[in-house]
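Source file: start.cif. Holds: mmCIF, C-alpha atoms.
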```
data_protein
loop_
_atom_site.label_atom_id
_atom_site.label_comp_id
_atom_site.auth_asym_id
_atom_site.auth_seq_id
_atom_site.Cartn_x
_atom_site.Cartn_y
_atom_site.Cartn_z
CA MET A 1 138.30 81.45 108.44
CA LYS A 2 134.54 80.95 108.09
CA LEU A 3 134.14 84.55 106.92
CA PHE A 4 136.85 84.03 104.30
CA ILE A 5 135.13 80.89 103.00
CA SER A 6 131.77 82.66 102.82
CA ALA A 7 133.31 85.61 100.95
CA ALA A 8 135.01 83.25 98.50
CA PHE A 9 131.73 81.42 97.95
CA CYS A 10 129.90 84.72 97.32
CA ILE A 11 132.55 85.87 94.84
CA ALA A 12 132.25 82.60 92.95
CA ALA A 13 128.46 82.92 92.90
CA VAL A 14 128.64 86.45 91.52
CA GLN A 15 131.15 85.48 88.87
CA ALA A 16 128.81 82.72 87.71
CA GLN A 17 126.16 85.27 86.72
CA SER A 18 126.03 86.33 83.09
CA PHE A 19 124.12 89.45 82.12
CA VAL A 20 121.65 88.94 79.24
CA ASP A 21 121.61 92.21 77.33
CA SER A 22 119.07 91.09 74.71
CA LEU A 23 116.39 90.62 77.40
CA SER A 24 117.25 93.75 79.42
CA PHE A 25 116.59 97.48 79.19
CA GLY A 26 117.09 100.52 81.43
CA HIS A 27 120.73 99.72 82.28
CA GLN A 28 122.11 102.36 79.93
CA SER A 29 121.77 106.14 79.85
CA ARG A 30 118.52 105.88 77.87
CA ILE A 31 115.93 103.13 77.74
CA SER A 32 115.79 103.28 73.97
CA PRO A 33 117.68 105.14 71.23
CA ASN A 34 114.28 106.34 69.94
CA ASN A 35 110.80 106.89 71.36
CA ASP A 36 109.09 104.41 69.05
CA ALA A 37 110.35 101.01 70.22
CA ILE A 38 112.62 99.20 72.65
CA PRO A 39 115.21 96.88 71.10
CA GLY A 40 114.25 93.27 71.79
CA TRP A 41 110.78 94.08 73.14
CA ASP A 42 107.28 94.53 71.71
CA LEU A 43 104.88 97.17 73.08
CA GLY A 44 101.13 96.86 73.04
CA GLY A 45 98.09 98.51 74.53
CA ASP A 46 94.32 98.73 74.69
CA GLN A 47 92.84 102.26 74.46
CA TYR A 48 96.40 103.51 74.96
CA ARG A 49 99.89 102.88 73.61
CA PRO A 50 102.68 102.80 76.20
CA GLN A 51 104.79 105.95 76.11
CA ILE A 52 108.58 105.63 75.98
CA LEU A 53 110.56 108.34 77.74
CA SER A 54 114.29 108.65 78.27
CA ASP A 55 114.31 106.93 81.68
CA LYS A 56 110.98 105.10 81.94
CA ILE A 57 108.01 103.57 80.13
CA ILE A 58 104.48 104.65 81.07
CA LEU A 59 102.40 101.48 80.72
CA THR A 60 99.15 103.12 81.84
CA PRO A 61 98.52 106.88 82.02
CA PRO A 62 97.11 108.73 85.06
CA TYR A 63 94.09 109.66 82.91
CA PRO A 64 91.77 108.30 81.58
CA GLY A 65 90.89 104.94 83.12
CA HIS A 66 90.18 101.56 81.56
CA THR A 67 93.50 101.34 79.75
CA ARG A 68 95.92 98.45 79.32
CA GLY A 69 99.58 98.26 78.41
CA SER A 70 102.02 95.43 77.78
CA LEU A 71 105.71 94.70 77.21
CA TRP A 72 106.84 91.35 75.84
CA ALA A 73 110.36 90.14 75.16
CA GLN A 74 110.96 88.97 71.60
CA ARG A 75 113.34 86.19 72.63
CA PRO A 76 112.75 83.40 75.17
CA VAL A 77 115.05 82.60 78.06
CA SER A 78 117.52 79.92 77.02
CA ASP A 79 118.83 78.96 80.49
CA PRO A 80 116.81 77.16 83.17
CA GLU A 81 118.39 79.21 85.99
CA TRP A 82 118.13 82.97 85.97
CA ILE A 83 117.61 86.16 87.95
CA ALA A 84 115.19 88.87 86.80
CA GLU A 85 115.07 92.36 88.31
CA PHE A 86 112.04 94.53 87.65
CA GLN A 87 111.87 98.21 88.73
CA PHE A 88 108.46 99.90 88.67
CA ARG A 89 106.46 102.70 90.25
CA ALA A 90 102.72 103.30 90.75
CA ASN A 91 101.26 106.80 91.15
CA GLY A 92 97.63 107.78 91.44
CA PRO A 93 94.88 109.39 93.54
CA GLU A 94 94.01 108.30 97.04
CA ARG A 95 91.58 105.61 95.90
CA GLY A 96 93.27 104.73 92.63
CA GLY A 97 93.62 101.12 91.57
CA GLY A 98 94.82 98.69 88.96
CA ASN A 99 97.18 95.75 88.75
CA LEU A 100 100.62 95.05 87.38
CA GLN A 101 101.80 91.59 86.27
CA LEU A 102 105.24 90.14 85.65
CA TRP A 103 104.97 87.05 83.45
CA TYR A 104 107.29 84.16 82.67
CA THR A 105 105.19 82.06 80.31
CA ARG A 106 105.25 80.16 77.07
CA ASP A 107 103.85 82.07 74.05
CA GLY A 108 102.93 84.95 76.34
CA GLN A 109 102.38 87.64 73.75
CA ALA A 110 100.06 85.45 71.69
CA LYS A 111 98.07 83.89 74.54
CA ILE A 112 98.13 86.70 77.13
CA GLY A 113 98.66 89.98 75.29
CA THR A 114 97.46 92.80 77.57
CA SER A 115 95.43 90.59 79.94
CA SER A 116 95.67 90.72 83.70
CA ILE A 117 95.57 87.78 86.09
CA TYR A 118 91.77 88.16 86.30
CA THR A 119 91.12 88.29 82.54
CA VAL A 120 93.68 85.82 81.21
CA GLY A 121 92.72 82.44 79.87
CA PRO A 122 94.80 79.26 80.21
CA PHE A 123 98.52 80.09 80.33
CA ASP A 124 101.62 78.00 80.89
CA GLY A 125 104.08 79.48 83.37
CA LEU A 126 104.47 81.94 86.24
CA ALA A 127 102.70 85.22 86.99
CA LEU A 128 103.53 87.71 89.74
CA THR A 129 100.70 90.16 90.43
CA ILE A 130 101.08 93.50 92.20
CA ASP A 131 97.79 95.10 93.27
CA THR A 132 95.68 96.21 96.25
CA HIS A 133 94.17 92.77 96.79
CA SER A 134 91.24 92.55 99.26
CA GLY A 135 91.41 96.26 100.10
CA LYS A 136 94.89 96.04 101.61
CA GLY A 137 97.58 98.62 101.08
CA GLY A 138 99.19 96.41 98.45
CA SER A 139 100.55 92.92 97.95
CA VAL A 140 102.72 90.77 95.70
CA ARG A 141 101.26 87.36 94.84
CA GLY A 142 102.51 84.44 92.80
CA PHE A 143 100.36 82.32 90.47
CA LEU A 144 101.20 79.15 88.53
CA ASN A 145 99.45 77.42 85.68
CA ASP A 146 100.26 74.45 83.51
CA GLY A 147 97.90 75.52 80.74
CA THR A 148 94.83 73.66 82.04
CA THR A 149 93.21 76.29 84.31
CA ASP A 150 91.20 79.09 82.75
CA TYR A 151 91.69 82.00 85.12
CA LYS A 152 89.15 84.18 83.35
CA SER A 153 86.30 81.79 84.10
CA HIS A 154 87.50 80.72 87.55
CA THR A 155 85.17 81.61 90.42
CA ASN A 156 87.93 82.63 92.87
CA VAL A 157 91.22 83.52 91.23
CA ASP A 158 92.70 84.85 94.48
CA SER A 159 92.62 81.37 96.01
CA LEU A 160 95.04 80.10 93.34
CA ALA A 161 97.98 82.12 94.67
CA PHE A 162 100.82 79.92 95.95
CA GLY A 163 102.78 82.66 97.71
CA HIS A 164 102.30 86.27 98.72
CA CYS A 165 103.53 89.14 100.87
CA ASP A 166 102.12 92.54 101.80
CA TYR A 167 103.83 95.47 100.11
CA PRO A 168 102.38 99.05 100.00
CA TYR A 169 103.69 100.01 96.58
CA ARG A 170 101.51 103.04 95.69
CA ASN A 171 102.78 106.65 95.74
CA LEU A 172 106.17 105.86 97.23
CA GLY A 173 107.89 108.52 95.13
CA ARG A 174 110.65 106.10 94.15
CA PRO A 175 110.97 102.94 92.04
CA SER A 176 110.27 99.61 93.72
CA VAL A 177 112.62 96.72 92.98
CA LEU A 178 111.09 93.27 92.45
CA ARG A 179 113.69 90.51 92.04
CA VAL A 180 112.92 86.92 91.04
CA ARG A 181 115.54 84.17 91.37
CA HIS A 182 114.92 80.76 89.83
CA THR A 183 117.35 77.88 90.33
CA ASN A 184 117.15 74.13 90.72
CA ALA A 185 116.73 74.84 94.44
CA GLY A 186 113.42 76.60 93.83
CA LEU A 187 111.92 80.04 93.37
CA GLU A 188 112.69 83.14 95.47
CA VAL A 189 110.93 86.51 95.23
CA THR A 190 112.25 89.63 96.99
CA VAL A 191 110.93 93.20 97.08
CA ASP A 192 113.32 96.07 97.89
CA ASP A 193 115.93 93.48 98.98
CA LYS A 194 113.50 91.95 101.48
CA LEU A 195 112.21 88.43 101.14
CA CYS A 196 108.63 88.23 99.92
CA PHE A 197 108.23 84.46 99.57
CA MET A 198 110.17 81.42 98.42
CA THR A 199 109.49 77.78 97.69
CA ASN A 200 111.41 74.73 96.61
CA LYS A 201 108.29 73.12 95.11
CA VAL A 202 108.41 75.00 91.81
CA ALA A 203 110.58 74.29 88.77
CA LEU A 204 110.14 76.32 85.60
CA PRO A 205 111.51 75.20 82.22
CA ALA A 206 113.73 77.16 79.88
CA GLY A 207 112.21 78.60 76.74
CA ASN A 208 109.56 80.78 78.37
CA THR A 209 109.24 84.50 77.66
CA PHE A 210 109.23 87.47 80.03
CA GLY A 211 106.41 90.00 79.85
CA VAL A 212 104.84 92.87 81.78
CA THR A 213 101.18 93.90 81.64
CA ALA A 214 99.16 96.55 83.46
CA ALA A 215 95.43 97.29 83.63
CA THR A 216 93.49 100.11 85.32
CA PRO A 217 89.84 100.69 86.39
CA ASP A 218 87.75 103.90 86.39
CA THR A 219 90.07 105.62 88.89
CA PRO A 220 93.44 104.56 87.50
CA ASP A 221 96.98 104.25 88.71
CA SER A 222 99.83 105.23 86.42
CA PHE A 223 102.21 102.26 86.21
CA GLU A 224 105.75 103.17 85.17
CA VAL A 225 108.57 100.74 84.31
CA PHE A 226 112.19 101.87 84.79
CA LYS A 227 114.30 98.74 84.34
CA PHE A 228 114.10 95.10 83.44
CA LEU A 229 117.37 93.22 83.91
CA VAL A 230 118.05 89.51 83.38
CA TRP A 231 121.05 87.43 84.46
CA SER A 232 121.74 83.85 83.48
CA LEU A 233 123.11 81.61 86.23
CA GLN A 234 125.83 79.27 85.02
CA SER A 235 127.08 77.90 88.34
CA GLY A 236 128.27 74.33 88.22
CA SER A 237 126.70 73.59 91.57
CA THR A 238 123.24 74.38 90.27
CA SER A 239 123.52 73.09 86.75
CA GLN A 240 120.74 71.25 85.05
CA ALA A 241 122.74 68.04 85.09
CA GLN A 242 122.14 67.79 88.83
CA ALA A 243 118.37 68.10 88.55
CA PRO A 244 116.24 65.21 89.86
CA PRO A 245 115.41 62.43 87.37
CA SER A 246 111.76 63.42 87.30
CA GLN A 247 112.78 66.86 86.03
CA GLN A 248 115.24 65.46 83.49
CA GLN A 249 112.59 63.22 81.97
CA GLY A 250 110.10 66.04 81.50
CA ASN A 251 112.50 68.94 81.00
CA GLN A 252 110.13 70.93 78.85
CA GLN A 253 107.18 70.74 81.28
CA PRO A 254 107.10 72.70 84.55
CA ILE A 255 106.68 70.85 87.81
CA TYR A 256 103.98 72.39 90.01
CA ASN A 257 103.34 71.26 93.56
CA GLN A 258 101.25 73.75 95.45
CA GLN A 259 100.39 71.79 98.58
CA ASN A 260 102.86 73.57 100.84
CA SER A 261 104.40 76.02 98.41
CA GLY A 262 102.53 79.02 99.71
CA SER A 263 104.49 79.17 102.94
CA GLN A 264 107.06 81.87 103.44
CA TYR A 265 110.08 81.62 105.73
CA SER A 266 108.80 80.13 108.95
CA GLU A 267 109.66 81.45 112.35
CA ASP A 268 112.47 79.91 114.40
CA LYS A 269 111.43 76.66 116.05
CA PRO A 270 113.19 74.49 118.64
CA ALA A 271 115.24 71.52 117.49
CA SER A 272 112.66 69.11 118.89
CA PHE A 273 110.15 70.38 116.33
CA TYR A 274 111.98 68.62 113.49
CA THR A 275 111.38 64.90 113.99
CA THR A 276 112.34 63.58 110.55
CA SER A 277 115.46 63.93 108.47
CA ALA A 278 113.43 65.49 105.64
CA GLN A 279 112.25 68.31 107.90
CA GLN A 280 115.76 68.86 109.19
CA PHE A 281 117.14 68.94 105.66
CA GLU A 282 114.45 71.40 104.54
CA ASP A 283 115.17 73.69 107.50
CA LEU A 284 118.91 73.49 106.79
CA HIS A 285 118.27 74.25 103.13
CA VAL A 286 116.18 77.32 103.98
CA ARG A 287 118.83 78.59 106.37
CA LEU A 288 121.57 78.06 103.79
CA GLN A 289 119.51 80.03 101.29
CA LEU A 290 119.22 82.84 103.82
CA ILE A 291 122.96 82.78 104.49
CA ASN A 292 123.69 82.76 100.76
CA LYS A 293 121.41 85.73 100.15
CA ALA A 294 122.86 87.68 103.09
CA SER A 295 126.38 86.92 101.87
CA ASN A 296 125.54 88.13 98.36
CA THR A 297 124.07 91.32 99.78
CA MET A 298 127.15 91.82 101.96
CA LEU A 299 129.43 91.26 98.97
CA ARG A 300 127.55 93.85 96.90
CA GLU A 301 127.78 96.36 99.73
CA LEU A 302 131.49 95.65 100.25
CA THR A 303 132.14 96.05 96.53
CA GLY A 304 130.32 99.38 96.47
CA LEU A 305 132.17 100.51 99.62
CA ARG A 306 135.49 99.53 98.08
CA SER A 307 134.79 101.52 94.92
CA LYS A 308 133.81 104.55 97.00
CA GLN A 309 136.97 104.23 99.08
CA GLU A 310 139.08 104.04 95.93
CA GLU A 311 137.43 107.18 94.58
CA ARG A 312 138.02 109.03 97.84
CA HIS A 313 141.64 107.85 97.93
CA GLN A 314 142.27 109.08 94.40
CA GLU A 315 140.60 112.39 95.19
CA LEU A 316 142.79 112.84 98.26
CA LEU A 317 145.88 112.02 96.24
CA ARG A 318 144.92 114.63 93.64
CA SER A 319 144.29 117.30 96.25
CA PHE A 320 147.27 116.41 98.50
CA ILE A 321 149.97 119.10 99.06
CA SER A 322 153.10 118.52 97.01
CA LYS A 323 156.48 117.84 98.66
CA ASP A 324 158.01 121.19 97.67
CA HIS A 325 154.98 123.09 98.89
CA TYR A 326 155.16 121.25 102.18
CA ALA A 327 158.90 122.06 102.53
CA ASN A 328 158.26 125.79 101.89
CA LEU A 329 155.46 125.82 104.42
CA ASP A 330 157.65 124.11 106.99
CA ALA A 331 160.46 126.68 106.45
CA ARG A 332 158.00 129.57 106.93
CA LEU A 333 156.70 128.06 110.12
CA GLN A 334 160.28 127.67 111.43
CA ARG A 335 161.05 131.35 110.69
CA ILE A 336 157.89 132.48 112.45
CA GLU A 337 158.80 130.32 115.43
CA ALA A 338 162.33 131.85 115.57
CA ILE A 339 160.90 135.39 115.50
CA LEU A 340 158.44 134.57 118.30
CA GLN A 341 161.23 133.08 120.40
CA GLY A 342 163.36 136.25 119.88
CA ILE A 343 160.48 138.47 120.99
CA GLN A 344 159.94 136.26 124.03
CA ARG A 345 163.63 136.50 125.02
CA ASP A 346 163.63 140.29 124.50
CA VAL A 347 160.58 140.73 126.69
CA GLN A 348 161.89 138.48 129.44
CA GLY A 349 165.43 140.04 129.44
CA LYS A 350 164.52 143.75 129.78
CA ASP A 351 162.82 145.81 132.50
CA TYR A 352 160.16 148.13 131.10
CA GLN A 353 159.01 149.62 134.42
CA ASP A 354 160.69 153.02 133.82
CA ARG A 355 159.23 153.23 130.34
CA PHE A 356 155.77 152.42 131.64
CA ALA A 357 156.16 155.20 134.31
CA GLN A 358 157.23 157.69 131.65
CA LEU A 359 154.29 156.71 129.51
CA GLN A 360 151.95 157.20 132.47
CA GLU A 361 153.36 160.70 133.19
CA ALA A 362 152.98 161.61 129.51
CA LEU A 363 149.38 160.49 129.58
CA LYS A 364 148.67 162.55 132.73
CA SER A 365 150.21 165.75 131.28
CA SER A 366 148.32 165.25 128.06
CA HIS A 367 145.12 164.84 130.05
CA LEU A 368 145.69 168.07 132.05
CA SER A 369 146.53 170.17 128.98
CA LEU A 370 143.51 168.82 127.19
CA THR A 371 141.25 169.68 130.15
CA GLU A 372 142.59 173.26 130.41
CA SER A 373 142.26 173.95 126.72
CA LEU A 374 138.76 172.52 126.73
CA GLN A 375 137.67 174.82 129.62
CA THR A 376 139.12 177.89 127.85
CA SER A 377 137.33 177.01 124.66
CA ILE A 378 134.02 176.54 126.43
CA TYR A 379 134.30 179.96 128.21
CA SER A 380 135.13 181.77 124.99
CA MET A 381 132.22 180.14 123.21
CA ILE A 382 129.80 181.17 125.98
CA ALA A 383 131.10 184.75 125.95
CA ALA A 384 130.88 185.02 122.19
CA SER A 385 127.31 183.74 122.10
CA THR A 386 126.01 186.02 124.97
CA PRO A 387 123.97 189.09 123.65
CA ARG A 388 125.41 192.65 124.43
CA MET A 389 123.43 194.70 127.03
CA GLY A 390 124.28 198.15 125.52
CA LEU A 391 122.61 197.28 122.27
CA PHE A 392 119.57 196.05 124.14
CA VAL A 393 119.29 199.34 126.17
CA PHE A 394 119.74 201.43 123.03
CA VAL A 395 116.97 199.59 121.24
CA LEU A 396 114.66 199.99 124.24
CA ILE A 397 115.29 203.77 124.52
CA ALA A 398 114.86 204.28 120.77
CA PHE A 399 111.57 202.47 120.89
CA GLN A 400 110.34 204.67 123.76
CA VAL A 401 111.40 207.85 121.93
CA MET A 402 109.59 206.70 118.81
CA LEU A 403 106.40 206.11 120.81
CA ALA A 404 106.63 209.56 122.49
CA GLY A 405 107.18 211.34 119.16
CA SER A 406 104.24 209.51 117.62
CA TYR A 407 102.00 210.61 120.48
CA ILE A 408 103.09 214.27 120.23
CA ILE A 409 102.43 214.32 116.49
CA TYR A 410 99.00 212.83 117.04
CA LYS A 411 98.05 215.43 119.64
CA LYS A 412 99.14 218.32 117.40
CA ARG A 413 97.07 217.04 114.52
CA ARG A 414 94.14 216.56 116.75
CA ALA A 415 94.37 220.15 117.99
CA ASN A 416 94.67 221.66 114.49
CA MET A 417 91.64 219.85 113.10
CA PRO A 418 88.52 222.16 112.51
CA LYS A 419 85.89 221.85 115.16
CA LYS A 420 82.32 221.06 114.24
CA PHE A 421 79.43 222.51 116.22
CA LEU A 422 75.93 221.13 116.16
#
```
Can I see the file as structure tokens?
Amino acid sequence: MKLFISAAFCIAAVQAQSFVDSLSFGHQSRISPNNDAIPGWDLGGDQYRPQILSDKIILTPPYPGHTRGSLWAQRPVSDPEWIAEFQFRANGPERGGGNLQLWYTRDGQAKIGTSSIYTVGPFDGLALTIDTHSGKGGSVRGFLNDGTTDYKSHTNVDSLAFGHCDYPYRNLGRPSVLRVRHTNAGLEVTVDDKLCFMTNKVALPAGNTFGVTAATPDTPDSFEVFKFLVWSLQSGSTSQAQAPPSQQQGNQQPIYNQQNSGSQYSEDKPASFYTTSAQQFEDLHVRLQLINKASNTMLRELTGLRSKQEERHQELLRSFISKDHYANLDARLQRIEAILQGIQRDVQGKDYQDRFAQLQEALKSSHLSLTESLQTSIYSMIAASTPRMGLFVFVLIAFQVMLAGSYIIYKKRRANMPKKFL
């Protein structure tokens, strides 16, 4: 029963999401119908103009360094509760560097442009920075500003982060998925479906604009953007009407409380640790958020599994043997079985001992005749190939006669030759 209630709650939560096509790209077969612009977005760059390909946008190239690129939505977000999904990839040499920012700010294109978190002036909103901060393998950090802090002139920008997590994003060979969820309950940031950080101390107003900027040093990283998807949350349980009075009075100004907002999910603690009702409520709220997220993930996986099962079922139905074919096959098998049974009865009902004896006698006689004929053939072949002795004696005598005649002729010539006296 509990599982059914959780599934029903997840289905209702998914149905409350509304996809915002005007603020999204990358969800179709091509990012843009042309390579000059993206509908609903403005591109900008410093020393380089972002390149639009069929499936991605190259914000900064792998060569040369010291380049900047930016993407800014032309329309602001009209709902206070939303989900943004950002897919990116960073490729570069072993010691390459740079930073990538996801912005949700007011007047971002005019006040931020192509700036990074280290070169931006006063801004009003949220910034998520992805870089190799402090020599680590990579991290995702969150920054807030109400328009009063000048980050460019600040002595230690890194200390202003209100939440972070380690994430080695470089040279993964695949896109990384950064998802930001903002509701009246707070802000939640996940990377590759794993929680990065969350806080219930942050409330962002509607009317801000999404943007993406990237900057590279001498040895650059190539930052590529694949998708940017936005959903509007219209759930009645998290509507703006239920916001606290302090938020309703100043609806157009963000509420920033960074005292304890930098904490991530804490480890499990015993029940005695929570001494006040506020702590118990906060722990219960965090656990409910975890359950809600796990349920949503389970629902997505179940939906995908169901679609795959339907496809496999349809494929099996298409490739299944027809009824007539099955009947013909069954009839053939029955005939084969009847023939095999007849052969078995024939073999078991007759005595083949006499026939086997006759066959053995036939084999023996064939063997004897074959042996005799083979011996006769071998003898005849040896006799035919042996040389005749009469011919050999005749040749020997003729050779001796020829030698004797040659000697006699030589002696006669020698005797008839004139003699010479000195």
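Excluding A:Ala161 and any residue on its chain fewer than 5 positions from it, the residues at most 7 Å away by all atoms listed in the file are Arg141, Gly142 and Phe143 of chain A.
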Could you tell me, as a ChimeraX atom specification, exactly which residues end up selected when the PyMOL selection byres ((chain A and resi 215) around 12) is applied to this structure? /A:45-48,50,58-62,64-70,90,96-101,113-120,129-131,212-214,216-224
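Ranking A:Glu311, A:Asp354, A:Glu337, A:Glu188 by their shortest atom-to-atom distance to A:Ile83, with all atoms listed in the file included, puts A:Glu188 first.
With distances restricted to only C-alpha atoms, A:Gln289 is the closest residue to A:Ala185 from A:Gln289, A:Ser78, A:Gln400, A:Ser139.
Minimum atom-to-atom distances from A:Gln28, A:Gln234, A:Thr149, A:Ser54 to A:Trp82 were compared using all atoms listed in the file, and the lowest value belongs to A:Gln234.
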Do you know which residues lie at most 12 Å from (108.8, 93.4, 94.7), with coordinates as in the file and only C-alpha atoms counted, and could you write them as a VMD selection string? chain A and resid 84 to 89 100 to 102 128 to 131 138 to 142 164 to 169 175 to 181 188 to 197
Edge lengths and centre in Å to one decimal, as JSON, is what I'm after for the box along x, y and z that holds all listed atoms of stretch 112-125 of chain A once 8 Å is added on each side.
```
{"center_x": 97.6, "center_y": 85.4, "center_z": 80.8, "size_x": 29.0, "size_y": 30.8, "size_z": 27.0}
```
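Atom pair atom CA of A:Asp146 / atom CA of A:Val202 has a distance of 11.6 Å (rounded to one decimal).
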Mind giving me the straight-line distance from atom CA of A:Arg170 to atom CA of A:His133 in Å, one decimal? 12.7 Å
Computed interatomic separation between atom CA of A:Ala37 and atom CA of A:Ala206 (Å): 26.0 Å
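Within 10 Å of A:Arg30, once all atoms listed in the file are used and residues closer than 2 positions along the same chain are dropped, the contacting residues are Phe25, Gly26, His27, Gln28, Ser32, Pro33, Asn34, Leu53, Ser54, Asp55 and Lys56 of chain A.
Using only C-alpha atoms, the shortest contact distance between A:Tyr104 and any of A:Pro80, A:Pro39, A:Gly147, A:Gly211 is found at A:Gly211.
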Evaluating the PyMOL selection byres ((chain A and resi 40) around 12) on the displayed file yields which residues, as a PDB file with C-alpha atoms, in the coordinates of the input?
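Contents of selection-v1.pdb, as written:
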```
ATOM      1  CA  VAL A  20     121.650  88.940  79.240  1.00  0.00           C
ATOM      2  CA  ASP A  21     121.610  92.210  77.330  1.00  0.00           C
ATOM      3  CA  SER A  22     119.070  91.090  74.710  1.00  0.00           C
ATOM      4  CA  LEU A  23     116.390  90.620  77.400  1.00  0.00           C
ATOM      5  CA  SER A  24     117.250  93.750  79.420  1.00  0.00           C
ATOM      6  CA  PHE A  25     116.590  97.480  79.190  1.00  0.00           C
ATOM      7  CA  ILE A  31     115.930 103.130  77.740  1.00  0.00           C
ATOM      8  CA  SER A  32     115.790 103.280  73.970  1.00  0.00           C
ATOM      9  CA  ALA A  37     110.350 101.010  70.220  1.00  0.00           C
ATOM     10  CA  ILE A  38     112.620  99.200  72.650  1.00  0.00           C
ATOM     11  CA  PRO A  39     115.210  96.880  71.100  1.00  0.00           C
ATOM     12  CA  TRP A  41     110.780  94.080  73.140  1.00  0.00           C
ATOM     13  CA  ASP A  42     107.280  94.530  71.710  1.00  0.00           C
ATOM     14  CA  LEU A  43     104.880  97.170  73.080  1.00  0.00           C
ATOM     15  CA  LEU A  71     105.710  94.700  77.210  1.00  0.00           C
ATOM     16  CA  TRP A  72     106.840  91.350  75.840  1.00  0.00           C
ATOM     17  CA  ALA A  73     110.360  90.140  75.160  1.00  0.00           C
ATOM     18  CA  GLN A  74     110.960  88.970  71.600  1.00  0.00           C
ATOM     19  CA  ARG A  75     113.340  86.190  72.630  1.00  0.00           C
ATOM     20  CA  PRO A  76     112.750  83.400  75.170  1.00  0.00           C
ATOM     21  CA  THR A 209     109.240  84.500  77.660  1.00  0.00           C
ATOM     22  CA  PHE A 210     109.230  87.470  80.030  1.00  0.00           C
ATOM     23  CA  GLY A 211     106.410  90.000  79.850  1.00  0.00           C
ATOM     24  CA  PHE A 228     114.100  95.100  83.440  1.00  0.00           C
TER      25      PHE A 228
END
```
Please produce stretch 85-97 of chain A, completed to N, CA and C atoms, as an mmCIF file, in the frame of the given file.
```cif
data_model
loop_
_atom_site.group_PDB
_atom_site.id
_atom_site.type_symbol
_atom_site.label_atom_id
_atom_site.label_comp_id
_atom_site.auth_asym_id
_atom_site.auth_seq_id
_atom_site.Cartn_x
_atom_site.Cartn_y
_atom_site.Cartn_z
ATOM 1 N N GLU A 85 115.301 91.194 87.455
ATOM 2 C CA GLU A 85 115.070 92.360 88.310
ATOM 3 C C GLU A 85 114.157 93.335 87.584
ATOM 4 N N PHE A 86 113.081 93.705 88.248
ATOM 5 C CA PHE A 86 112.040 94.530 87.650
ATOM 6 C C PHE A 86 111.834 95.749 88.534
ATOM 7 N N GLN A 87 112.046 96.961 87.986
ATOM 8 C CA GLN A 87 111.870 98.210 88.730
ATOM 9 C C GLN A 87 110.649 98.947 88.183
ATOM 10 N N PHE A 88 109.722 99.278 89.070
ATOM 11 C CA PHE A 88 108.460 99.900 88.670
ATOM 12 C C PHE A 88 108.056 100.936 89.698
ATOM 13 N N ARG A 89 107.037 101.710 89.342
ATOM 14 C CA ARG A 89 106.460 102.700 90.250
ATOM 15 C C ARG A 89 104.994 102.888 89.907
ATOM 16 N N ALA A 90 104.160 103.088 90.928
ATOM 17 C CA ALA A 90 102.720 103.300 90.750
ATOM 18 C C ALA A 90 102.324 104.600 91.417
ATOM 19 N N ASN A 91 101.731 105.507 90.635
ATOM 20 C CA ASN A 91 101.260 106.800 91.150
ATOM 21 C C ASN A 91 99.791 106.955 90.806
ATOM 22 N N GLY A 92 99.039 107.568 91.716
ATOM 23 C CA GLY A 92 97.630 107.780 91.440
ATOM 24 C C GLY A 92 96.941 108.491 92.587
ATOM 25 N N PRO A 93 95.642 108.726 92.462
ATOM 26 C CA PRO A 93 94.880 109.390 93.540
ATOM 27 C C PRO A 93 94.765 108.487 94.756
ATOM 28 N N GLU A 94 94.088 109.016 95.771
ATOM 29 C CA GLU A 94 94.010 108.300 97.040
ATOM 30 C C GLU A 94 93.344 106.940 96.887
ATOM 31 N N ARG A 95 92.313 106.860 96.078
ATOM 32 C CA ARG A 95 91.580 105.610 95.900
ATOM 33 C C ARG A 95 91.793 105.019 94.513
ATOM 34 N N GLY A 96 92.958 105.299 93.934
ATOM 35 C CA GLY A 96 93.270 104.730 92.630
ATOM 36 C C GLY A 96 93.511 103.232 92.727
ATOM 37 N N GLY A 97 93.455 102.567 91.589
ATOM 38 C CA GLY A 97 93.620 101.120 91.570
ATOM 39 C C GLY A 97 94.160 100.636 90.243
#
```
